[in-house]
Amino acid sequence: MNLFGFCNLSIVPCRREPSDKSEMTTQLLFGEHFEILEEHKSWVYISSAIDGYKSWIDRKQYLSISKETFDKLSSVSAPFSSDIVGIITETTQDISFPIPIGSCLPFIHNKEFSIEKKTYNFQGSTVTPGAKPRRSKMIEDSFIFLNSPYLWGGRTPFGIDCSGFSQIVYRLNGIKLPRDASQQVEQGETLDFPEEAKPGDLAFFDNEDGAISHVGIILPDMQIIHSSGRVHIDKLDHVGIFSEERKTYTHNLRILKTLF
């Protein structure tokens, strides 16, 4: 079929099935591109070029692009927006709208870029991947999301899940992570003890069935920042996450990973 798309809206919900009533499993952020694998009525089944995640989106919520444009987008490391909210203006129609932190800004030069026949102007700060990650910067970026509400499938400060949180924070620091915690746990090198972990490393937790179900970013002084109810900070030890608010352990530690 060889059909391709570009997310030209702030945030696009991605669903498990081709229905507005279906579970949202992730979100596309502005500037992300994808391949269309299947079509069904008013829906398209896509594979994200960012992380390979497959889902259904509404066919009215993207810009169709050529294979040539798709290949160009796939061959470059696009800068990302680094403000909680930036402003994009589609100059061809003089339409402005907000985009969340971590949105892609491909081919941008002097605040402008073009996709197919549409030209965009960006107002806000950017970060360009490629520099060696700094643990202090990663912690600073994670704090941007403090108190963001938990949202299954969410990837923005206005609603985010645990693996969306780690994925976007790592993205801002030039490291690509898969979408789900069960995929992210396959990355990096395993650490034997919590005391070996450094700020910015990842801690993974399992459920009663032994499956990886949660991830958080390790902070100094045996603390962890993670999205559970909201993005907040808890204590971490060899057992798992201890909540001072609830005076109990909330997550069972399974494995620690370092990626840099």
# chains A, B, ... in the order shown; residues from 1 in each chain; ligands from 1

$ residues_around --residues "A:Gly31" --least-positions-apart "2" --cutoff "6 Å" --atoms "only C-alpha atoms" --output "list in words"
Cys7, Cys104 and Leu105 of chain A

$ write_last_selection --atoms "N, CA and C atoms" --output "PDB file, in the first residue's frame"
ATOM      1  N   CYS A   7       2.034  13.652  11.725  1.00  0.00           N
ATOM      2  CA  CYS A   7       1.119  14.200  12.726  1.00  0.00           C
ATOM      3  C   CYS A   7       1.211  15.721  12.695  1.00  0.00           C
ATOM      4  N   CYS A 104       8.216  16.781  17.691  1.00  0.00           N
ATOM      5  CA  CYS A 104       9.301  16.795  16.706  1.00  0.00           C
ATOM      6  C   CYS A 104       9.207  18.028  15.814  1.00  0.00           C
ATOM      7  N   LEU A 105      10.362  18.564  15.459  1.00  0.00           N
ATOM      8  CA  LEU A 105      10.434  19.745  14.591  1.00  0.00           C
ATOM      9  C   LEU A 105      11.422  19.465  13.459  1.00  0.00           C
TER      10      LEU A 105
END

$ select_by_dssp --residues "stretch 9-202 of chain A" --states "strand (DSSP E)" --output "ChimeraX atom specification"
/A:11-15,24-29,33-40,43-48,54-58,63-65,80-81,85-90,95-100,112-115,118-123,126-127,155-156,159-160,189-191,202

$ residues_around --residues "stretch 11-13 of chain A" --least-positions-apart "6" --cutoff "7 Å" --atoms "only C-alpha atoms" --output "MDAnalysis selection string"
chainID A and resid 24 26:30 57 61

$ closest_residue --among "A:Thr156, A:Ser243, A:Asn173, A:Thr25" --to "A:Ala131" --atoms "only C-alpha atoms"
A:Asn173

$ closest_residue --among "A:Leu9, A:Leu37, A:Ile255, A:Val44" --to "A:Pro100" --atoms "only C-alpha atoms"
A:Leu9

$ closest_atom_pairs --of "stretch 107-220 of chain A" --to "stretch 233-242 of chain A" --cutoff "8 Å" --atoms "only C-alpha atoms" --output "tab-separated table"
residue	atom	partner	partner_atom	distance
A:Phe193	CA	A:His238	CA	7.1
A:Pro194	CA	A:His238	CA	6.2
A:Phe205	CA	A:Gly240	CA	7.5

$ residues_around --residues "A:His226" --least-positions-apart "5" --cutoff "6 Å" --atoms "only C-alpha atoms" --output "NGL selection string"
:A and (216 or 231-232)

$ residues_around --residues "A:Glu186" --least-positions-apart "6" --cutoff "10 Å" --atoms "only C-alpha atoms" --output "PyMOL selection string"
chain A and resi 177-178+257

$ residues_around --residues "A:Ser55" --least-positions-apart "6" --cutoff "7 Å" --atoms "only C-alpha atoms" --output "PyMOL selection string"
chain A and resi 14-16+45-47

$ write_last_selection --atoms "N, CA and C atoms" --output "PDB file, in the first residue's frame"
ATOM      1  N   CYS A  14      -4.226   7.424  19.889  1.00  0.00           N
ATOM      2  CA  CYS A  14      -4.021   6.177  19.146  1.00  0.00           C
ATOM      3  C   CYS A  14      -4.750   5.063  19.889  1.00  0.00           C
ATOM      4  N   ARG A  15      -5.548   4.299  19.172  1.00  0.00           N
ATOM      5  CA  ARG A  15      -6.458   3.360  19.838  1.00  0.00           C
ATOM      6  C   ARG A  15      -6.169   1.910  19.468  1.00  0.00           C
ATOM      7  N   ARG A  16      -6.625   1.028  20.367  1.00  0.00           N
ATOM      8  CA  ARG A  16      -6.406  -0.408  20.156  1.00  0.00           C
ATOM      9  C   ARG A  16      -7.237  -0.938  18.994  1.00  0.00           C
ATOM     10  N   TYR A  45      -4.625   2.043  10.332  1.00  0.00           N
ATOM     11  CA  TYR A  45      -3.769   1.314  11.256  1.00  0.00           C
ATOM     12  C   TYR A  45      -2.333   1.670  10.917  1.00  0.00           C
ATOM     13  N   ILE A  46      -1.599   2.196  11.894  1.00  0.00           N
ATOM     14  CA  ILE A  46      -0.281   2.762  11.611  1.00  0.00           C
ATOM     15  C   ILE A  46       0.826   2.089  12.422  1.00  0.00           C
ATOM     16  N   SER A  47       2.039   2.266  11.919  1.00  0.00           N
ATOM     17  CA  SER A  47       3.242   1.896  12.659  1.00  0.00           C
ATOM     18  C   SER A  47       4.090   3.145  12.792  1.00  0.00           C
TER      19      SER A  47
END

$ closest_atom_pairs --of "stretch 22-71 of chain A" --to "stretch 75-85 of chain A" --cutoff "12 Å" --atoms "only C-alpha atoms" --output "CSV"
residue,atom,partner,partner_atom,distance
A:Leu29,CA,A:Phe80,CA,10.5
A:Phe30,CA,A:Ser81,CA,9.7
A:Gly31,CA,A:Ala78,CA,9.0
A:Glu32,CA,A:Ala78,CA,9.7
A:His33,CA,A:Ala78,CA,11.4
A:Ala49,CA,A:Ser75,CA,10.6
A:Ile50,CA,A:Ser77,CA,10.6
A:Glu68,CA,A:Ser75,CA,10.7
A:Thr69,CA,A:Ser75,CA,9.9
A:Phe70,CA,A:Ser75,CA,8.7
A:Asp71,CA,A:Ser75,CA,6.2

$ write_last_selection --atoms "C-alpha atoms" --output "short mmCIF file (atom, residue, chain, number, x, y, z; two decimals), in the first residue's frame"
data_model
loop_
_atom_site.label_atom_id
_atom_site.label_comp_id
_atom_site.auth_asym_id
_atom_site.auth_seq_id
_atom_site.Cartn_x
_atom_site.Cartn_y
_atom_site.Cartn_z
CA LEU A 29 2.82 14.15 19.20
CA PHE A 30 3.17 16.87 16.61
CA GLY A 31 5.90 16.10 14.06
CA GLU A 32 5.94 12.32 14.44
CA HIS A 33 5.58 10.33 11.22
CA ALA A 49 8.48 5.53 12.81
CA ILE A 50 9.55 6.82 16.22
CA GLU A 68 10.18 10.39 -0.28
CA THR A 69 9.17 12.71 2.58
CA PHE A 70 8.76 9.72 4.93
CA ASP A 71 12.27 8.51 4.08
#

$ decode --residues "stretch 38-147 of chain A" --atoms "C-alpha atoms" --output "mmCIF file, in the first residue's frame"
data_model
loop_
_atom_site.group_PDB
_atom_site.id
_atom_site.type_symbol
_atom_site.label_atom_id
_atom_site.label_comp_id
_atom_site.auth_asym_id
_atom_site.auth_seq_id
_atom_site.Cartn_x
_atom_site.Cartn_y
_atom_site.Cartn_z
ATOM 1 C CA GLU A 38 -4.247 -0.924 6.905
ATOM 2 C CA GLU A 39 -7.413 1.101 6.355
ATOM 3 C CA HIS A 40 -10.873 0.526 7.793
ATOM 4 C CA LYS A 41 -13.667 3.002 7.091
ATOM 5 C CA SER A 42 -12.649 6.277 8.768
ATOM 6 C CA TRP A 43 -9.609 4.726 10.484
ATOM 7 C CA VAL A 44 -6.037 3.829 9.557
ATOM 8 C CA TYR A 45 -3.769 1.314 11.256
ATOM 9 C CA ILE A 46 -0.281 2.762 11.611
ATOM 10 C CA SER A 47 3.242 1.896 12.659
ATOM 11 C CA SER A 48 5.057 4.830 14.260
ATOM 12 C CA ALA A 49 8.484 5.528 12.805
ATOM 13 C CA ILE A 50 9.553 6.819 16.219
ATOM 14 C CA ASP A 51 9.137 3.589 18.185
ATOM 15 C CA GLY A 52 7.398 1.049 15.918
ATOM 16 C CA TYR A 53 4.220 1.160 18.000
ATOM 17 C CA LYS A 54 1.110 0.030 16.117
ATOM 18 C CA SER A 55 -2.338 1.509 16.643
ATOM 19 C CA TRP A 56 -5.441 2.943 14.980
ATOM 20 C CA ILE A 57 -5.942 6.666 14.369
ATOM 21 C CA ASP A 58 -8.709 8.727 12.790
ATOM 22 C CA ARG A 59 -7.924 9.391 9.128
ATOM 23 C CA LYS A 60 -8.922 13.060 9.610
ATOM 24 C CA GLN A 61 -6.125 13.601 12.121
ATOM 25 C CA TYR A 62 -2.940 13.568 10.040
ATOM 26 C CA LEU A 63 -1.270 14.931 6.934
ATOM 27 C CA SER A 64 -0.606 12.481 4.099
ATOM 28 C CA ILE A 65 3.007 12.496 2.942
ATOM 29 C CA SER A 66 4.963 10.834 0.146
ATOM 30 C CA LYS A 67 7.391 7.969 0.608
ATOM 31 C CA GLU A 68 10.179 10.393 -0.278
ATOM 32 C CA THR A 69 9.169 12.705 2.581
ATOM 33 C CA PHE A 70 8.764 9.719 4.930
ATOM 34 C CA ASP A 71 12.271 8.513 4.083
ATOM 35 C CA LYS A 72 13.730 12.002 4.611
ATOM 36 C CA LEU A 73 12.002 12.267 7.984
ATOM 37 C CA SER A 74 13.362 8.850 8.945
ATOM 38 C CA SER A 75 16.918 9.778 7.994
ATOM 39 C CA VAL A 76 17.289 12.871 10.176
ATOM 40 C CA SER A 77 17.468 13.435 13.925
ATOM 41 C CA ALA A 78 14.864 16.132 14.390
ATOM 42 C CA PRO A 79 15.085 18.665 17.212
ATOM 43 C CA PHE A 80 12.342 18.499 19.839
ATOM 44 C CA SER A 81 10.344 21.233 21.515
ATOM 45 C CA SER A 82 11.617 21.666 25.070
ATOM 46 C CA ASP A 83 9.059 24.037 26.620
ATOM 47 C CA ILE A 84 6.015 22.562 28.347
ATOM 48 C CA VAL A 85 4.021 24.221 25.572
ATOM 49 C CA GLY A 86 5.310 25.733 22.331
ATOM 50 C CA ILE A 87 3.335 27.399 19.574
ATOM 51 C CA ILE A 88 3.215 26.209 15.964
ATOM 52 C CA THR A 89 1.810 28.406 13.222
ATOM 53 C CA GLU A 90 0.856 26.859 9.898
ATOM 54 C CA THR A 91 1.807 29.901 7.868
ATOM 55 C CA THR A 92 0.016 28.835 4.699
ATOM 56 C CA GLN A 93 -3.311 29.230 6.521
ATOM 57 C CA ASP A 94 -2.165 31.448 9.410
ATOM 58 C CA ILE A 95 -3.408 28.933 11.989
ATOM 59 C CA SER A 96 -1.627 28.726 15.355
ATOM 60 C CA PHE A 97 -1.928 25.968 17.951
ATOM 61 C CA PRO A 98 -0.014 24.637 20.986
ATOM 62 C CA ILE A 99 2.274 21.623 20.914
ATOM 63 C CA PRO A 100 3.581 19.753 23.992
ATOM 64 C CA ILE A 101 7.144 19.236 25.109
ATOM 65 C CA GLY A 102 8.881 16.484 23.125
ATOM 66 C CA SER A 103 7.153 17.273 19.834
ATOM 67 C CA CYS A 104 9.301 16.795 16.706
ATOM 68 C CA LEU A 105 10.434 19.745 14.591
ATOM 69 C CA PRO A 106 11.965 18.184 11.462
ATOM 70 C CA PHE A 107 14.053 20.248 9.031
ATOM 71 C CA ILE A 108 13.662 23.349 11.229
ATOM 72 C CA HIS A 109 15.865 26.321 10.367
ATOM 73 C CA ASN A 110 15.423 29.825 11.750
ATOM 74 C CA LYS A 111 12.231 28.656 13.440
ATOM 75 C CA GLU A 112 10.643 27.488 10.168
ATOM 76 C CA PHE A 113 10.247 24.202 8.320
ATOM 77 C CA SER A 114 8.126 22.720 5.550
ATOM 78 C CA ILE A 115 6.388 19.373 5.126
ATOM 79 C CA GLU A 116 5.058 18.734 1.634
ATOM 80 C CA LYS A 117 3.428 22.065 0.690
ATOM 81 C CA LYS A 118 2.769 23.254 4.229
ATOM 82 C CA THR A 119 5.091 25.662 6.021
ATOM 83 C CA TYR A 120 5.304 25.958 9.807
ATOM 84 C CA ASN A 121 6.773 28.531 12.171
ATOM 85 C CA PHE A 122 7.714 27.516 15.724
ATOM 86 C CA GLN A 123 7.763 29.774 18.775
ATOM 87 C CA GLY A 124 9.586 28.205 21.709
ATOM 88 C CA SER A 125 12.780 26.473 22.795
ATOM 89 C CA THR A 126 14.255 23.366 21.214
ATOM 90 C CA VAL A 127 16.706 20.628 22.108
ATOM 91 C CA THR A 128 18.762 18.789 19.499
ATOM 92 C CA PRO A 129 19.621 15.113 20.096
ATOM 93 C CA GLY A 130 23.188 13.971 19.706
ATOM 94 C CA ALA A 131 25.019 15.410 22.686
ATOM 95 C CA LYS A 132 26.116 12.960 25.373
ATOM 96 C CA PRO A 133 23.318 12.705 27.954
ATOM 97 C CA ARG A 134 23.904 14.461 31.260
ATOM 98 C CA ARG A 135 22.296 12.932 34.304
ATOM 99 C CA SER A 136 21.653 16.323 35.876
ATOM 100 C CA LYS A 137 19.816 17.470 32.735
ATOM 101 C CA MET A 138 17.712 14.312 32.693
ATOM 102 C CA ILE A 139 16.616 14.922 36.280
ATOM 103 C CA GLU A 140 15.788 18.545 35.475
ATOM 104 C CA ASP A 141 13.641 17.398 32.560
ATOM 105 C CA SER A 142 11.857 14.794 34.667
ATOM 106 C CA PHE A 143 10.869 17.497 37.183
ATOM 107 C CA ILE A 144 9.018 19.361 34.414
ATOM 108 C CA PHE A 145 6.376 16.638 34.630
ATOM 109 C CA LEU A 146 5.885 16.740 38.402
ATOM 110 C CA ASN A 147 2.196 16.489 39.316
#
